[in-house]
Each structure stands twice: as structure tokens, then as C-alpha cells.
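What follows is the content of coords.pdb (PDB, C-alpha atoms).
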```pdb
MODEL        1
ATOM      1  CA  MET A   1      77.462 -36.621 -59.203
ATOM      2  CA  LYS A   2      77.765 -33.241 -57.499
ATOM      3  CA  LYS A   3      74.910 -31.773 -59.539
ATOM      4  CA  GLU A   4      72.635 -34.727 -58.710
ATOM      5  CA  LYS A   5      73.348 -34.263 -55.018
ATOM      6  CA  ILE A   6      72.490 -30.586 -55.175
ATOM      7  CA  GLY A   7      69.303 -31.341 -57.139
ATOM      8  CA  GLY A   8      68.219 -33.970 -54.619
ATOM      9  CA  PHE A   9      68.757 -31.558 -51.788
ATOM     10  CA  GLY A  10      66.642 -28.929 -53.566
ATOM     11  CA  ARG A  11      63.811 -31.330 -54.170
ATOM     12  CA  GLY A  12      63.933 -32.370 -50.525
ATOM     13  CA  MET A  13      63.626 -28.776 -49.399
ATOM     14  CA  PHE A  14      60.724 -28.219 -51.796
ATOM     15  CA  PHE A  15      58.772 -31.209 -50.482
ATOM     16  CA  GLY A  16      59.629 -30.191 -46.934
ATOM     17  CA  ILE A  17      58.193 -26.720 -47.485
ATOM     18  CA  VAL A  18      55.041 -28.177 -49.056
ATOM     19  CA  LEU A  19      54.631 -30.559 -46.143
ATOM     20  CA  ALA A  20      55.112 -27.720 -43.661
ATOM     21  CA  VAL A  21      52.478 -25.619 -45.433
ATOM     22  CA  ILE A  22      50.035 -28.528 -45.360
ATOM     23  CA  LEU A  23      50.638 -29.146 -41.678
ATOM     24  CA  VAL A  24      50.297 -25.463 -40.769
ATOM     25  CA  GLY A  25      47.161 -25.195 -42.868
ATOM     26  CA  GLY A  26      45.739 -28.293 -41.228
ATOM     27  CA  PHE A  27      46.430 -26.988 -37.723
ATOM     28  CA  TRP A  28      44.903 -23.623 -38.627
ATOM     29  CA  PHE A  29      41.797 -25.210 -40.144
ATOM     30  CA  PHE A  30      41.055 -27.596 -37.266
ATOM     31  CA  GLY A  31      42.048 -25.043 -34.669
ATOM     32  CA  ASN A  32      39.717 -22.379 -36.049
ATOM     33  CA  ARG A  33      36.925 -24.830 -36.607
ATOM     34  CA  GLY A  34      37.086 -25.768 -32.934
ATOM     35  CA  LYS A  35      37.158 -22.084 -32.017
ATOM     36  CA  GLU A  36      34.078 -21.445 -34.136
ATOM     37  CA  ASP A  37      32.319 -24.295 -32.388
ATOM     38  CA  VAL A  38      33.274 -22.831 -29.007
ATOM     39  CA  ASP A  39      32.115 -19.365 -30.096
ATOM     40  CA  VAL A  40      28.806 -20.789 -31.271
ATOM     41  CA  ASP A  41      28.416 -22.628 -27.966
ATOM     42  CA  LYS A  42      29.152 -19.413 -26.069
ATOM     43  CA  GLU A  43      26.627 -17.490 -28.144
ATOM     44  CA  ASP A  44      24.010 -20.170 -27.511
ATOM     45  CA  GLN A  45      24.760 -20.123 -23.796
ATOM     46  CA  LEU A  46      24.549 -16.316 -23.742
ATOM     47  CA  GLU A  47      21.199 -16.358 -25.515
ATOM     48  CA  GLU A  48      19.886 -18.923 -23.036
ATOM     49  CA  LEU A  49      21.173 -16.844 -20.125
ATOM     50  CA  VAL A  50      19.492 -13.700 -21.476
ATOM     51  CA  LYS A  51      16.229 -15.583 -21.911
ATOM     52  CA  GLU A  52      16.444 -16.956 -18.364
ATOM     53  CA  GLU A  53      17.164 -13.488 -16.951
ATOM     54  CA  GLU A  54      14.290 -11.950 -18.902
ATOM     55  CA  GLY A  55      11.991 -14.689 -17.688
ATOM     56  CA  SER A  56      13.202 -14.177 -14.138
ATOM     57  CA  GLU A  57      12.585 -10.428 -14.379
ATOM     58  CA  GLU A  58       9.062 -11.009 -15.635
ATOM     59  CA  ALA A  59       8.447 -13.435 -12.784
ATOM     60  CA  ASP A  60       9.839 -10.929 -10.281
ATOM     61  CA  LYS A  61       7.619  -8.198 -11.690
ATOM     62  CA  LYS A  62       4.647 -10.466 -11.366
ATOM     63  CA  ASP A  63       5.600 -11.450  -7.801
ATOM     64  CA  GLN A  64       6.435  -7.882  -6.839
ATOM     65  CA  GLY A  65       3.330  -6.315  -8.213
ATOM     66  CA  GLY A  66       4.811  -5.134 -11.494
ATOM     67  CA  GLY A  67       1.984  -6.557 -13.584
ATOM     68  CA  GLU A  68      -1.565  -5.345 -14.126
ATOM     69  CA  VAL A  69      -2.918  -3.475 -11.113
ATOM     70  CA  GLU A  70      -6.093  -4.888  -9.577
ATOM     71  CA  GLU A  71      -8.768  -2.322  -8.831
ATOM     72  CA  ILE A  72     -11.335  -2.803  -6.071
ATOM     73  CA  GLU A  73     -14.338  -0.505  -6.125
ATOM     74  CA  LYS A  74     -17.111  -0.105  -3.624
ATOM     75  CA  GLU A  75     -20.018  -2.446  -4.091
ATOM     76  CA  LYS A  76     -23.268  -2.616  -2.230
ATOM     77  CA  VAL A  77     -22.401  -4.305   1.043
ATOM     78  CA  GLU A  78     -25.115  -4.871   3.615
ATOM     79  CA  GLY A  79     -24.377  -3.293   6.961
ATOM     80  CA  GLU A  80     -23.992  -0.103   8.947
ATOM     81  CA  VAL A  81     -21.638   2.605   7.652
ATOM     82  CA  TYR A  82     -18.894   3.523  10.101
ATOM     83  CA  GLU A  83     -17.584   7.092   9.721
ATOM     84  CA  ASP A  84     -14.793   8.915  11.495
ATOM     85  CA  THR A  85     -11.955  11.384  10.962
ATOM     86  CA  PHE A  86      -8.232  10.719  11.092
ATOM     87  CA  ASN A  87      -5.452  13.189  10.275
ATOM     88  CA  GLY A  88      -8.046  15.653   9.071
ATOM     89  CA  GLN A  89      -9.547  13.211   6.581
ATOM     90  CA  ASN A  90     -13.033  11.764   6.743
ATOM     91  CA  PHE A  91     -13.214   8.054   6.028
ATOM     92  CA  SER A  92     -15.847   5.352   6.117
ATOM     93  CA  PHE A  93     -16.310   1.616   5.771
ATOM     94  CA  VAL A  94     -19.149  -0.831   6.212
ATOM     95  CA  ILE A  95     -19.724  -2.841   9.361
ATOM     96  CA  LEU A  96     -21.047  -6.113   7.982
ATOM     97  CA  ASP A  97     -24.295  -7.554   9.304
ATOM     98  CA  GLY A  98     -23.611  -9.632  12.397
ATOM     99  CA  TRP A  99     -20.414  -7.731  13.173
ATOM    100  CA  LYS A 100     -19.462  -4.944  15.605
ATOM    101  CA  THR A 101     -16.579  -2.518  16.084
ATOM    102  CA  ASN A 102     -13.975  -2.207  18.813
ATOM    103  CA  ASP A 103     -12.251   1.172  19.140
ATOM    104  CA  LYS A 104     -10.665   0.698  22.571
ATOM    105  CA  VAL A 105      -7.142   0.860  21.110
ATOM    106  CA  GLN A 106      -5.881   4.225  19.883
ATOM    107  CA  ASN A 107      -5.620   4.618  16.107
ATOM    108  CA  LYS A 108      -7.241   1.215  15.564
ATOM    109  CA  VAL A 109     -10.723   0.010  14.749
ATOM    110  CA  GLY A 110     -11.390  -3.695  15.115
ATOM    111  CA  LEU A 111     -14.171  -5.679  13.489
ATOM    112  CA  LEU A 112     -15.392  -8.847  15.126
ATOM    113  CA  LYS A 113     -18.493 -10.981  15.378
ATOM    114  CA  LYS A 114     -21.155  -9.692  17.787
ATOM    115  CA  GLU A 115     -20.858 -12.734  20.035
ATOM    116  CA  GLN A 116     -17.122 -12.172  20.477
ATOM    117  CA  LYS A 117     -15.659 -10.270  23.406
ATOM    118  CA  ALA A 118     -13.979  -6.988  22.479
ATOM    119  CA  ASP A 119     -10.992  -5.782  24.475
ATOM    120  CA  LYS A 120      -7.484  -4.416  24.038
ATOM    121  CA  LYS A 121      -5.956  -7.867  23.617
ATOM    122  CA  ASN A 122      -8.491  -9.067  21.074
ATOM    123  CA  VAL A 123      -8.885  -5.963  18.923
ATOM    124  CA  GLY A 124     -10.719  -7.851  16.191
ATOM    125  CA  ASP A 125     -10.550 -10.434  13.446
ATOM    126  CA  ILE A 126     -10.227  -7.651  10.878
ATOM    127  CA  VAL A 127      -8.359  -4.588  12.122
ATOM    128  CA  LEU A 128      -7.948  -1.145  10.599
ATOM    129  CA  THR A 129      -4.825   0.699  11.775
ATOM    130  CA  PHE A 130      -4.301   4.392  11.020
ATOM    131  CA  LYS A 131      -0.783   5.795  10.658
ATOM    132  CA  SER A 132       0.391   9.354   9.997
ATOM    133  CA  ASN A 133       2.673  10.144   7.054
ATOM    134  CA  LYS A 134       3.734  13.730   7.645
ATOM    135  CA  GLU A 135       6.829  13.329   5.449
ATOM    136  CA  ASN A 136       4.657  12.063   2.579
ATOM    137  CA  PHE A 137       6.812   8.972   2.115
ATOM    138  CA  ASP A 138       5.881   6.525  -0.623
ATOM    139  CA  PHE A 139       5.261   2.852   0.182
ATOM    140  CA  ASP A 140       8.899   1.786  -0.220
ATOM    141  CA  ARG A 141      10.209   4.509   2.064
ATOM    142  CA  PHE A 142       7.457   4.330   4.670
ATOM    143  CA  TYR A 143       7.686   0.548   5.068
ATOM    144  CA  ASP A 144      11.462   0.198   4.847
ATOM    145  CA  GLY A 145      12.124  -1.264   8.279
ATOM    146  CA  LEU A 146      13.580   2.014   9.535
ATOM    147  CA  ASN A 147      10.611   4.353   9.389
ATOM    148  CA  ASP A 148       8.140   1.539  10.064
ATOM    149  CA  VAL A 149       7.923  -2.242   9.816
ATOM    150  CA  ASN A 150       9.148  -3.768   6.555
ATOM    151  CA  TYR A 151       6.097  -5.493   5.160
ATOM    152  CA  PHE A 152       7.888  -5.971   1.839
ATOM    153  CA  ALA A 153      10.351  -8.322   3.544
ATOM    154  CA  ASP A 154       7.863  -9.818   6.005
ATOM    155  CA  ALA A 155       5.244 -10.817   3.425
ATOM    156  CA  SER A 156       6.112 -14.497   2.982
ATOM    157  CA  ASN A 157       3.927 -14.843  -0.128
ATOM    158  CA  GLY A 158       4.898 -11.551  -1.729
ATOM    159  CA  PHE A 159       2.919  -8.418  -2.344
ATOM    160  CA  GLU A 160       0.735  -6.931  -5.057
ATOM    161  CA  LYS A 161      -0.063  -3.372  -6.038
ATOM    162  CA  MET A 162      -3.739  -2.519  -6.295
ATOM    163  CA  LYS A 163      -6.250   0.311  -6.007
ATOM    164  CA  VAL A 164      -9.101   0.653  -3.533
ATOM    165  CA  ASN A 165     -11.795   3.064  -4.689
ATOM    166  CA  GLY A 166      -9.205   5.054  -6.607
ATOM    167  CA  LEU A 167      -6.620   5.077  -3.818
ATOM    168  CA  GLU A 168      -3.172   3.498  -4.249
ATOM    169  CA  ALA A 169      -2.771   0.364  -2.172
ATOM    170  CA  VAL A 170      -0.543  -2.670  -1.696
ATOM    171  CA  GLU A 171      -1.658  -6.105  -0.535
ATOM    172  CA  PHE A 172       0.939  -7.909   1.589
ATOM    173  CA  LYS A 173       0.280 -11.630   1.669
ATOM    174  CA  ASP A 174       0.910 -13.798   4.742
ATOM    175  CA  VAL A 175       2.896 -11.318   6.831
ATOM    176  CA  VAL A 176       5.024 -13.218   9.332
ATOM    177  CA  GLY A 177       4.947 -12.096  12.940
ATOM    178  CA  LEU A 178       1.285 -11.175  12.707
ATOM    179  CA  ALA A 179      -0.150 -14.692  12.788
ATOM    180  CA  GLU A 180       0.343 -14.977   9.005
ATOM    181  CA  SER A 181      -2.041 -12.093   8.350
ATOM    182  CA  THR A 182      -2.870 -10.585   4.977
ATOM    183  CA  ILE A 183      -2.708  -6.788   5.065
ATOM    184  CA  VAL A 184      -4.004  -4.292   2.514
ATOM    185  CA  VAL A 185      -2.302  -0.927   3.022
ATOM    186  CA  VAL A 186      -4.180   2.037   1.542
ATOM    187  CA  LYS A 187      -2.409   5.356   1.010
ATOM    188  CA  THR A 188      -4.484   8.409   1.866
ATOM    189  CA  GLY A 189      -3.545  12.054   1.514
ATOM    190  CA  ASN A 190      -2.164  12.316   5.036
ATOM    191  CA  GLY A 191      -1.254   8.793   6.003
ATOM    192  CA  TYR A 192      -1.665   5.064   5.559
ATOM    193  CA  VAL A 193      -4.526   2.808   6.591
ATOM    194  CA  GLU A 194      -3.699  -0.846   7.160
ATOM    195  CA  ILE A 195      -6.591  -3.284   6.834
ATOM    196  CA  ALA A 196      -5.504  -6.636   8.255
ATOM    197  CA  ASP A 197      -7.167 -10.024   8.070
ATOM    198  CA  VAL A 198      -5.706 -11.411  11.290
ATOM    199  CA  ARG A 199      -4.814 -15.108  10.911
ATOM    200  CA  ASN A 200      -6.221 -15.056   7.340
ATOM    201  CA  ALA A 201      -9.613 -16.175   8.592
ATOM    202  CA  TYR A 202     -11.601 -14.394   5.874
ATOM    203  CA  GLN A 203      -9.615 -14.825   2.679
ATOM    204  CA  ASP A 204     -11.862 -17.382   1.014
ATOM    205  CA  ASN A 205     -15.378 -16.286   1.965
ATOM    206  CA  GLY A 206     -15.302 -12.734   0.566
ATOM    207  CA  ILE A 207     -15.695 -10.986   3.928
ATOM    208  CA  PHE A 208     -12.250  -9.402   3.931
ATOM    209  CA  ASP A 209     -12.702  -8.236   0.337
ATOM    210  CA  ASP A 210     -16.047  -6.655   1.270
ATOM    211  CA  VAL A 211     -14.482  -4.691   4.120
ATOM    212  CA  VAL A 212     -11.563  -3.536   1.958
ATOM    213  CA  GLY A 213     -13.870  -2.641  -0.930
ATOM    214  CA  SER A 214     -16.122  -0.578   1.345
ATOM    215  CA  PHE A 215     -13.279   1.635   2.597
ATOM    216  CA  GLU A 216     -13.457   5.207   1.314
ATOM    217  CA  VAL A 217     -11.855   8.571   2.014
ATOM    218  CA  LYS A 218     -14.076  11.611   1.535
TER
ENDMDL
END
```
Just dump the structure as C-alpha cells.
Amino acid sequence: MKKEKIGGFGRGMFFGIVLAVILVGGFWFFGNRGKEDVDVDKEDQLEELVKEEEGSEEADKKDQGGGEVEEIEKEKVEGEVYEDTFNGQNFSFVILDGWKTNDKVQNKVGLLKKEQKADKKNVGDIVLTFKSNKENFDFDRFYDGLNDVNYFADASNGFEKMKVNGLEAVEFKDVVGLAESTIVVVKTGNGYVEIADVRNAYQDNGIFDDVVGSFEVK
């Protein structure tokens, strides 16, 4: 009887150990399978996040002028050629037929229709403003809000890098505070020239583009 009792106890321990191994193995299997699923989900989420960030960066580059640079070159525009000197540099642009200039404000030249009245308050519908850049700042530093106005922040529809007759330029779209004007800023050797379409009156008829495209530094 004693031997049978010992044998029964041994068999019980054996089955207990087997059962414990099965349970531990089961927990490990299901636990790791869940972990793998979580890891896969995390990897998928990470890949999606990377794709979204890359797409966002591309969109930002496009919005911030990081894409292909538009080049505007002088075309034959009918009108009188206006020439002057600023900061030791000779420049010129075309006064379109039916238009006149207003130079009553220092460092500005306004363009307006001949029937319009020219004065200091109404400089023009299209206005060229000349600014010195003795420190030779680039666009970001010159228009940073400390040295000068921050067109990068004020352009409600973004900005775009471009070239005007070989000169580096940036077009600021719908600048707030200036009657939602579009401004093309051209960098010359000694300064910046801002060509503004005040109130965006000439964005769709090609007039503003003609004025910008006719601007040259000699």
C-alpha cells in the first residue's frame, strides 16, 4: 500500500509538471503573438507617419518656394522706357502705353493710368520701391521683421522664389496690411527693389507681369 501511495504521488507530480509546461507555453505563445501584432501595428503606424511627414515637407517646399524656380525674362512690351539710377546702379522698366509715372515720393516710382491723379497719397496702382542693402543681407535676413518688414509672415498666400531677367527674386502673394497686394522683390547688387501690385488689380490681365518682366539692372 505504501509503494502505491508513493507511485501515485509521483505520477501526480509528473502530470502537474506537464500541465505547468503547457500553461507556460500557452501564455508565452499568445503573449508573444499579441506583442508581434502590436509591433507590426507600430511599424505600420511609423511608416504612415514618415510618409505623412515626407508629404508635408514636399508641400511646404512647394508652398515656400522650394520647387522649380520660375524665370521671367524681358519680352517686347509696348511703351516708353523709364531709366534712372539708384545706389549707383542703372535700372530701367517700361511705362506701358496709356500709363504715366509718379516720382513725388522719395525712393518710389508709381505707375498709374494717365487719367488718374498722381500725388503722395496715391503713389500708383503699381509701385516700385527702392531699398538699400549695405550689409548685403539675403532675403531671409533682410525681411525678418527686425531689419525690415516680414513679408514671409505677412504673405497670406505664401511666397515663391523666381528670377527676373537673371536676378534673384521672391514673389509674396497677398501681403496683408498693404491692401492684399502682391509684391515681387528683386535683389540687385546694392539693394532690393519691390514691385507691388497694390490691391491686386492687375494679376489676371498680364499688366503686372509685363512691368515685372521689363525691369532690368544695367
Closest of A:Asp119, A:Glu78, A:Glu71, A:Asp210 to Lys161 (chain A), counting only C-alpha atoms, is A:Glu71
Taking (-4.4, 13.1, 8.4) in the file's coordinates, which residues come within 12 Å, counting all atoms listed in the file, written as an mmCIF file with C-alpha atoms, in the coordinates of the input?
```
data_model
loop_
_atom_site.group_PDB
_atom_site.id
_atom_site.type_symbol
_atom_site.label_atom_id
_atom_site.label_comp_id
_atom_site.auth_asym_id
_atom_site.auth_seq_id
_atom_site.Cartn_x
_atom_site.Cartn_y
_atom_site.Cartn_z
ATOM 1 C CA ASP A 84 -14.793 8.915 11.495
ATOM 2 C CA THR A 85 -11.955 11.384 10.962
ATOM 3 C CA PHE A 86 -8.232 10.719 11.092
ATOM 4 C CA ASN A 87 -5.452 13.189 10.275
ATOM 5 C CA GLY A 88 -8.046 15.653 9.071
ATOM 6 C CA GLN A 89 -9.547 13.211 6.581
ATOM 7 C CA ASN A 90 -13.033 11.764 6.743
ATOM 8 C CA PHE A 91 -13.214 8.054 6.028
ATOM 9 C CA ASN A 107 -5.620 4.618 16.107
ATOM 10 C CA PHE A 130 -4.301 4.392 11.020
ATOM 11 C CA LYS A 131 -0.783 5.795 10.658
ATOM 12 C CA SER A 132 0.391 9.354 9.997
ATOM 13 C CA ASN A 133 2.673 10.144 7.054
ATOM 14 C CA LYS A 134 3.734 13.730 7.645
ATOM 15 C CA GLU A 135 6.829 13.329 5.449
ATOM 16 C CA ASN A 136 4.657 12.063 2.579
ATOM 17 C CA LYS A 187 -2.409 5.356 1.010
ATOM 18 C CA THR A 188 -4.484 8.409 1.866
ATOM 19 C CA GLY A 189 -3.545 12.054 1.514
ATOM 20 C CA ASN A 190 -2.164 12.316 5.036
ATOM 21 C CA GLY A 191 -1.254 8.793 6.003
ATOM 22 C CA TYR A 192 -1.665 5.064 5.559
ATOM 23 C CA VAL A 193 -4.526 2.808 6.591
ATOM 24 C CA VAL A 217 -11.855 8.571 2.014
ATOM 25 C CA LYS A 218 -14.076 11.611 1.535
#
```
Computed gap from CA of Ile126 (chain A) to CA of Gly110 (chain A) is 5.9 Å
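The coordinates place CA of Ile183 (chain A) at 8.3 Å from CA of Val198 (chain A).
Taking CA of Ala153 (chain A) and CA of Val123 (chain A) as the two end points, the separation is 24.7 Å.
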Just give me the residues with any atom within 9 Å of (-17.4, -13.0, 17.8), file coordinates, counting all atoms listed in the file, written as a VMD selection string. chain A and resid 98 to 100 112 to 118 124 to 125
